[in-house]
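Asker: Quick one: structure below, then a few questions.
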Amino acid sequence: MDNQSGSTGRSGFIDRHDLWDDDATRRAKDVIDQVRAEGLEVIRLSFADQHGVLRGKTIVANGLDGAFRDGCAITSSLILKDTSHRTAFPVWSAGAGLGSADLEGAGDLIMVPDPSQFRVLPWAAKTGWMLCDIYYPDGQAVPFSTRDLCRKALDRLSRAGYSMLSGIEAEFHLFKLEDSKLRPDQAGWPGDAPDVSFLAHGYQYLTETRFDELEPALEVLWRQLSQMGLPLRTIEAEMGPSQCEFTFHPAAGLGMPDAMVLLRSAVKQIARRHGLHATFMCRPALDNVMSSGWHLHQSLWDANGNNLFTPHEPDAVLSVLGRHYVAGLLAHAPAACLFTTPTINGYKRFRPGSLAPERILWGHDNKGAMIRALGGTGDPNSRIENRVGEPTANPYLYLTSQIVSGLDGIARGLEPPSAADSPYDGDAPTLPRSLMEALEEFQADPLFRTALGDPFVDYFTTIKSSEITRFLSAVTDWEQREYFQLF
């Protein structure tokens with residue numbers, strides 16, 4: 001902290017390093033005017049960490065001018081955590097295990113607000129919120145920022161002559177919170193999971209009765225998400241007990257990942273304030289639950305507003321460019337799973353006959369296929385839906401993996417195999433069976449190391465290896481039942 005100016009960041013940081021254009025400067029003035037007009041008292045400044053989890057600080061509203069001038073300092077070790085929030089790198093050693101003096105000693109990073117992302121939080125009194133980008137104190141962008149990594153992938157797409165529209169179908173569970181497990185003996189790293197009960201029995205997919213059972217809780221969510229300007233399209237009761245799905249209108253560029261990051265955090269916060277527990281965990285360890293997925297819709301467009309996935313040949317499913325793009329996604333699917341399905345738990349979803357993919361293939365409007373192609377000859381809404389993702393995926397890395405893989409398919413003119421009619425049969429290769437297998441595939445695929453660089457690949461694989469090591473060292477209930485009495 002700069003004690004001379006009372007700054008939360010570094011004096012003149014944004015101007016000194018030329019981090020804003022004229023539009024950002026104008027938007028910042030508009031935000032200050034809105035904060036004053038609405039009498040907001042605090043502003044949350046957040047950035048999305050390596051897992052797509054929002055972290056940051058809350059400043060009082062009269063400090064917003066300073067944050068728009070100087071940024072806001074946060075601890076650098078926040079980008080070095082695994083999913084237990086344990087630091088996965090030796091920050092007290094030279095180079096912090098990454099060859100980076102900037103990360104030694106858990107020093108500062110600087111959050112720079114993105115004024116275009118300002119929101120007023122409906123559930124928190126007189127509270128604003130802003131998404132931020134992160135920088136080193138010398139003004140250099142942090143190379144491990146997943147939002148910046150995605151921005152660079154989108155820039156690469158633009159240089160190739162394309163823009164992207166992407167849309168969200170995100171499933172999650174919404175439970176009644178019975179016991180938060182807040183006794184001291186239940187705290188830990190991580191603490192005990194809460195006890196919950198269902199809001200509805202499920203197994204009546206898209207029936208109005210089940211929706212109405214969930215609707216009192218869902219209404220609280222969708223009203224407040226809409227007040228924040230998130231582009232909600234549908235609110236659905238899914239197949240399993242207490243399982244829901246929200247879909248969003250498609251958005252360009254960073255619009256989709258920015259919205260998904262905010263959706264997950266907002267849903268959890270709103271739910272908790274109403275005695276509920278929301279989880280985007282793929283398959284909770286509860287009787288009768290169904291796995292949750294995250295289906296990512298994608299299409300490429302040219303500068304004239306033409307959908308480049310729309311085929312013009314008779315009876316075609318996708319354009320030639322679209323087929324090359326799909327072929328790239330299929331070719332790199334095993335490695336991309338580290339980004340699309342990044343948890344131990346997510347691989348429990350890949351089961352035959354489950355409306356989730358099991359094999360690396362594509363099909364025309366087939367919900368058992370990994371890639372579902374929608375549209376056809378002359379249809380301006382032609383697109384693909386990748387059904388491999390889990391809702392915990394970092395949205396920036398999920399989208400980055402698609403761009404990198406798809407562009408490789410286009411550049412090499414790859415052709416996909418024939419569209420599958422029976423997605424759980426045949427000899428198509430299977431998706432990785434575990435996070436461990438996905439990590440091996442990622443490390444063996446040179447595309448991501450070339451596209452993302454050695455520093456980021458080594459950084460991210462270290463974090464996921466930490467998660468895997470902790471999992472493999474834990475004794476599970478299965479092991480206790482299997483061996484304790486037998487031997």
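Within each chain, counting starts at residue 1; across the structure tokens, chains are named A, B, ... in the order shown, with ligands numbered 1 upward in that order.
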Output as a PDB file with C-alpha atoms, in the first residue's frame all residues of range 330-472 of chain A that backbone DSSP marks as strand (DSSP E).

Answerer:
```pdb
ATOM      1  CA  TRP A 362     -19.463 -36.229 -33.576  1.00  0.00           C
ATOM      2  CA  GLY A 363     -23.035 -36.569 -34.727  1.00  0.00           C
ATOM      3  CA  HIS A 364     -25.858 -34.600 -36.305  1.00  0.00           C
ATOM      4  CA  ILE A 371     -19.739 -32.937 -30.619  1.00  0.00           C
ATOM      5  CA  ARG A 372     -23.345 -32.323 -31.614  1.00  0.00           C
ATOM      6  CA  ALA A 373     -23.751 -30.471 -34.917  1.00  0.00           C
ATOM      7  CA  LEU A 374     -26.889 -28.364 -35.218  1.00  0.00           C
ATOM      8  CA  ARG A 383     -23.298 -24.355 -34.883  1.00  0.00           C
ATOM      9  CA  ILE A 384     -21.672 -27.099 -32.874  1.00  0.00           C
ATOM     10  CA  GLU A 385     -22.224 -28.050 -29.253  1.00  0.00           C
ATOM     11  CA  ASN A 386     -19.334 -29.601 -27.348  1.00  0.00           C
ATOM     12  CA  ARG A 387     -20.888 -31.748 -24.619  1.00  0.00           C
ATOM     13  CA  VAL A 388     -17.645 -32.887 -22.984  1.00  0.00           C
ATOM     14  CA  GLY A 389     -17.304 -30.109 -20.402  1.00  0.00           C
TER      15      GLY A 389
END
```

Asker: When you look at Leu329 in chain A with a cut-off of 12 Å (counting only C-alpha atoms), what residues show up, excluding the ones that are within fewer than 6 positions of it in the same chain? I need them as a PyMOL selection string.

Answerer: chain A and resi 298+322-323+335-337+340+360-362+370-372+384-388+398-410+414-416+447

Asker: Could you write out, as a ChimeraX atom specification, all the residues of range 60-268 of chain A that DSSP marks as alpha helix (DSSP H)?

Answerer: /A:64-70,146-159,208-227,255-268

Asker: Hey, what's within 6 Å of Ser319 in chain A if we count only C-alpha atoms and toss same-chain stuff fewer than 5 positions away? As an MDAnalysis selection string, please?

Answerer: chainID A and resid 309:311

Asker: Could you name the residues that touch Thr341 in chain A at 12 Å or less, counting only C-alpha atoms, but leaving out those on the same chain fewer than 4 positions away, as a PyMOL selection string?

Answerer: chain A and resi 51+281-282+292-295+333-337+345-350+357+386-395+397-398+401+431-439+464

Asker: Using N, CA and C atoms, can you write the selected residues to a file as a compact mmCIF listing (two decimals), in the first residue's frame?

Answerer:
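Result written to result35.txt:
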```
# COMPACT_ATOMS: atom_id res chain seq x y z
N HIS A 51 -8.68 -21.65 -11.52
CA HIS A 51 -9.81 -22.58 -11.55
C HIS A 51 -11.10 -21.90 -11.99
N MET A 281 -20.38 -28.85 -8.86
CA MET A 281 -19.66 -30.12 -8.87
C MET A 281 -20.37 -31.08 -9.81
N CYS A 282 -19.61 -31.82 -10.59
CA CYS A 282 -20.20 -32.66 -11.63
C CYS A 282 -21.12 -33.74 -11.05
N SER A 292 -23.84 -33.51 -13.72
CA SER A 292 -24.09 -32.25 -14.40
C SER A 292 -23.01 -31.99 -15.44
N GLY A 293 -23.43 -31.45 -16.58
CA GLY A 293 -22.49 -31.12 -17.64
C GLY A 293 -22.57 -29.65 -18.00
N TRP A 294 -21.61 -29.23 -18.81
CA TRP A 294 -21.60 -27.89 -19.35
C TRP A 294 -21.39 -28.00 -20.86
N HIS A 295 -22.46 -27.73 -21.62
CA HIS A 295 -22.42 -27.83 -23.07
C HIS A 295 -22.09 -26.46 -23.65
N ALA A 333 -9.06 -33.73 -28.38
CA ALA A 333 -10.00 -33.89 -27.26
C ALA A 333 -9.37 -34.52 -26.03
N PRO A 334 -8.54 -35.57 -26.16
CA PRO A 334 -7.98 -36.16 -24.93
C PRO A 334 -7.13 -35.16 -24.14
N ALA A 335 -6.31 -34.38 -24.83
CA ALA A 335 -5.48 -33.38 -24.14
C ALA A 335 -6.33 -32.24 -23.61
N ALA A 336 -7.32 -31.80 -24.39
CA ALA A 336 -8.16 -30.68 -23.98
C ALA A 336 -9.00 -31.00 -22.76
N CYS A 337 -9.17 -32.28 -22.45
CA CYS A 337 -9.95 -32.65 -21.27
C CYS A 337 -9.38 -32.06 -19.98
N ASN A 345 -13.51 -35.63 -10.11
CA ASN A 345 -14.91 -36.02 -10.09
C ASN A 345 -15.55 -36.02 -11.48
N GLY A 346 -15.09 -35.13 -12.36
CA GLY A 346 -15.74 -34.94 -13.65
C GLY A 346 -15.76 -36.17 -14.53
N TYR A 347 -14.82 -37.08 -14.34
CA TYR A 347 -14.73 -38.26 -15.20
C TYR A 347 -15.73 -39.34 -14.82
N LYS A 348 -16.42 -39.15 -13.69
CA LYS A 348 -17.50 -40.08 -13.32
C LYS A 348 -18.70 -39.90 -14.25
N ARG A 349 -18.73 -38.83 -15.02
CA ARG A 349 -19.87 -38.53 -15.90
C ARG A 349 -19.82 -39.28 -17.22
N PHE A 350 -18.63 -39.67 -17.67
CA PHE A 350 -18.48 -40.27 -18.99
C PHE A 350 -18.93 -41.74 -18.96
N PRO A 357 -21.14 -37.74 -23.22
CA PRO A 357 -20.27 -38.45 -24.16
C PRO A 357 -19.40 -39.49 -23.47
N ASN A 386 -20.25 -28.65 -27.97
CA ASN A 386 -19.33 -29.60 -27.35
C ASN A 386 -19.91 -29.98 -25.99
N ARG A 387 -20.21 -31.27 -25.82
CA ARG A 387 -20.89 -31.75 -24.62
C ARG A 387 -19.92 -32.38 -23.62
N VAL A 388 -18.62 -32.20 -23.82
CA VAL A 388 -17.64 -32.89 -22.98
C VAL A 388 -17.40 -32.18 -21.65
N GLY A 389 -17.72 -30.88 -21.56
CA GLY A 389 -17.30 -30.11 -20.40
C GLY A 389 -18.09 -30.40 -19.13
N GLU A 390 -17.45 -30.16 -18.01
CA GLU A 390 -18.13 -30.19 -16.71
C GLU A 390 -18.28 -28.76 -16.21
N PRO A 391 -19.28 -28.49 -15.35
CA PRO A 391 -19.57 -27.11 -14.97
C PRO A 391 -18.50 -26.44 -14.12
N THR A 392 -17.53 -27.21 -13.61
CA THR A 392 -16.46 -26.62 -12.82
C THR A 392 -15.33 -26.06 -13.68
N ALA A 393 -15.36 -26.31 -14.98
CA ALA A 393 -14.24 -25.91 -15.84
C ALA A 393 -14.03 -24.40 -15.79
N ASN A 394 -12.77 -23.99 -15.80
CA ASN A 394 -12.44 -22.58 -15.93
C ASN A 394 -12.93 -22.13 -17.32
N PRO A 395 -13.88 -21.20 -17.39
CA PRO A 395 -14.46 -20.85 -18.70
C PRO A 395 -13.45 -20.33 -19.70
N LEU A 397 -10.25 -21.18 -19.93
CA LEU A 397 -9.47 -22.29 -20.46
C LEU A 397 -10.30 -23.20 -21.35
N TYR A 398 -11.57 -23.38 -21.00
CA TYR A 398 -12.47 -24.17 -21.85
C TYR A 398 -12.53 -23.55 -23.25
N SER A 401 -9.20 -23.80 -25.16
CA SER A 401 -8.93 -25.14 -25.70
C SER A 401 -9.67 -25.37 -27.01
N LEU A 431 -12.94 -41.18 -24.48
CA LEU A 431 -12.39 -40.06 -23.73
C LEU A 431 -11.55 -40.58 -22.57
N PRO A 432 -10.64 -39.77 -22.05
CA PRO A 432 -9.86 -40.22 -20.88
C PRO A 432 -10.77 -40.69 -19.75
N ARG A 433 -10.31 -41.69 -19.04
CA ARG A 433 -11.10 -42.28 -17.95
C ARG A 433 -10.86 -41.61 -16.61
N SER A 434 -9.86 -40.75 -16.55
CA SER A 434 -9.53 -40.12 -15.28
C SER A 434 -8.76 -38.83 -15.54
N LEU A 435 -8.68 -38.00 -14.52
CA LEU A 435 -7.89 -36.79 -14.62
C LEU A 435 -6.42 -37.13 -14.83
N MET A 436 -5.97 -38.23 -14.25
CA MET A 436 -4.58 -38.65 -14.42
C MET A 436 -4.29 -38.95 -15.89
N GLU A 437 -5.22 -39.64 -16.54
CA GLU A 437 -5.04 -39.95 -17.96
C GLU A 437 -5.09 -38.68 -18.80
N ALA A 438 -5.99 -37.77 -18.45
CA ALA A 438 -6.08 -36.51 -19.19
C ALA A 438 -4.79 -35.70 -19.06
N LEU A 439 -4.20 -35.70 -17.88
CA LEU A 439 -2.94 -34.99 -17.68
C LEU A 439 -1.85 -35.59 -18.55
N LYS A 464 -2.50 -29.13 -11.25
CA LYS A 464 -3.35 -30.31 -11.35
C LYS A 464 -2.65 -31.54 -10.77
```

Asker: Quick check, in Å to one decimal: how far apart do CA of Glu236 in chain A and CA of Leu199 in chain A lie?

Answerer: 14.0 Å

Asker: Using only C-alpha atoms, which of A:Ala285, A:Met290, A:Ile168, A:Leu182 sits nearest Leu232 in chain A?

Answerer: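 Among the listed residues, A:Ile168 lies closest to Leu232 in chain A.
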
Asker: Might you pull out every residue within 10 Å of Val267 in chain A, with only C-alpha atoms counted and same-chain residues fewer than 5 positions away left off, and present them as a PDB file with C-alpha atoms, in the first residue's frame?

Answerer:
```pdb
ATOM      1  CA  PHE A 172     -26.004 -27.506 -11.500  1.00  0.00           C
ATOM      2  CA  LEU A 174     -29.696 -26.623  -5.945  1.00  0.00           C
ATOM      3  CA  LEU A 218     -35.155 -20.673  -9.115  1.00  0.00           C
ATOM      4  CA  VAL A 220     -34.790 -15.901  -6.607  1.00  0.00           C
ATOM      5  CA  LEU A 221     -31.857 -16.831  -8.821  1.00  0.00           C
ATOM      6  CA  TRP A 222     -33.112 -15.808 -12.230  1.00  0.00           C
ATOM      7  CA  GLN A 224     -31.297 -11.383  -9.520  1.00  0.00           C
ATOM      8  CA  LEU A 225     -29.134 -12.718 -12.353  1.00  0.00           C
ATOM      9  CA  LEU A 262     -20.100 -14.501 -12.666  1.00  0.00           C
ATOM     10  CA  ARG A 272     -26.563 -19.399   0.506  1.00  0.00           C
ATOM     11  CA  HIS A 277     -26.622 -24.808  -1.276  1.00  0.00           C
ATOM     12  CA  ALA A 278     -25.793 -24.578  -4.981  1.00  0.00           C
ATOM     13  CA  THR A 279     -23.021 -26.715  -6.418  1.00  0.00           C
ATOM     14  CA  PHE A 280     -21.532 -26.971  -9.885  1.00  0.00           C
TER      15      PHE A 280
END
```

Asker: What does the structure give for the distance between CA of Asp138 in chain A and CA of His17 in chain A, in Å to one decimal?

Answerer: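 Separating CA of Asp138 in chain A from CA of His17 in chain A is a distance of 8.3 Å.
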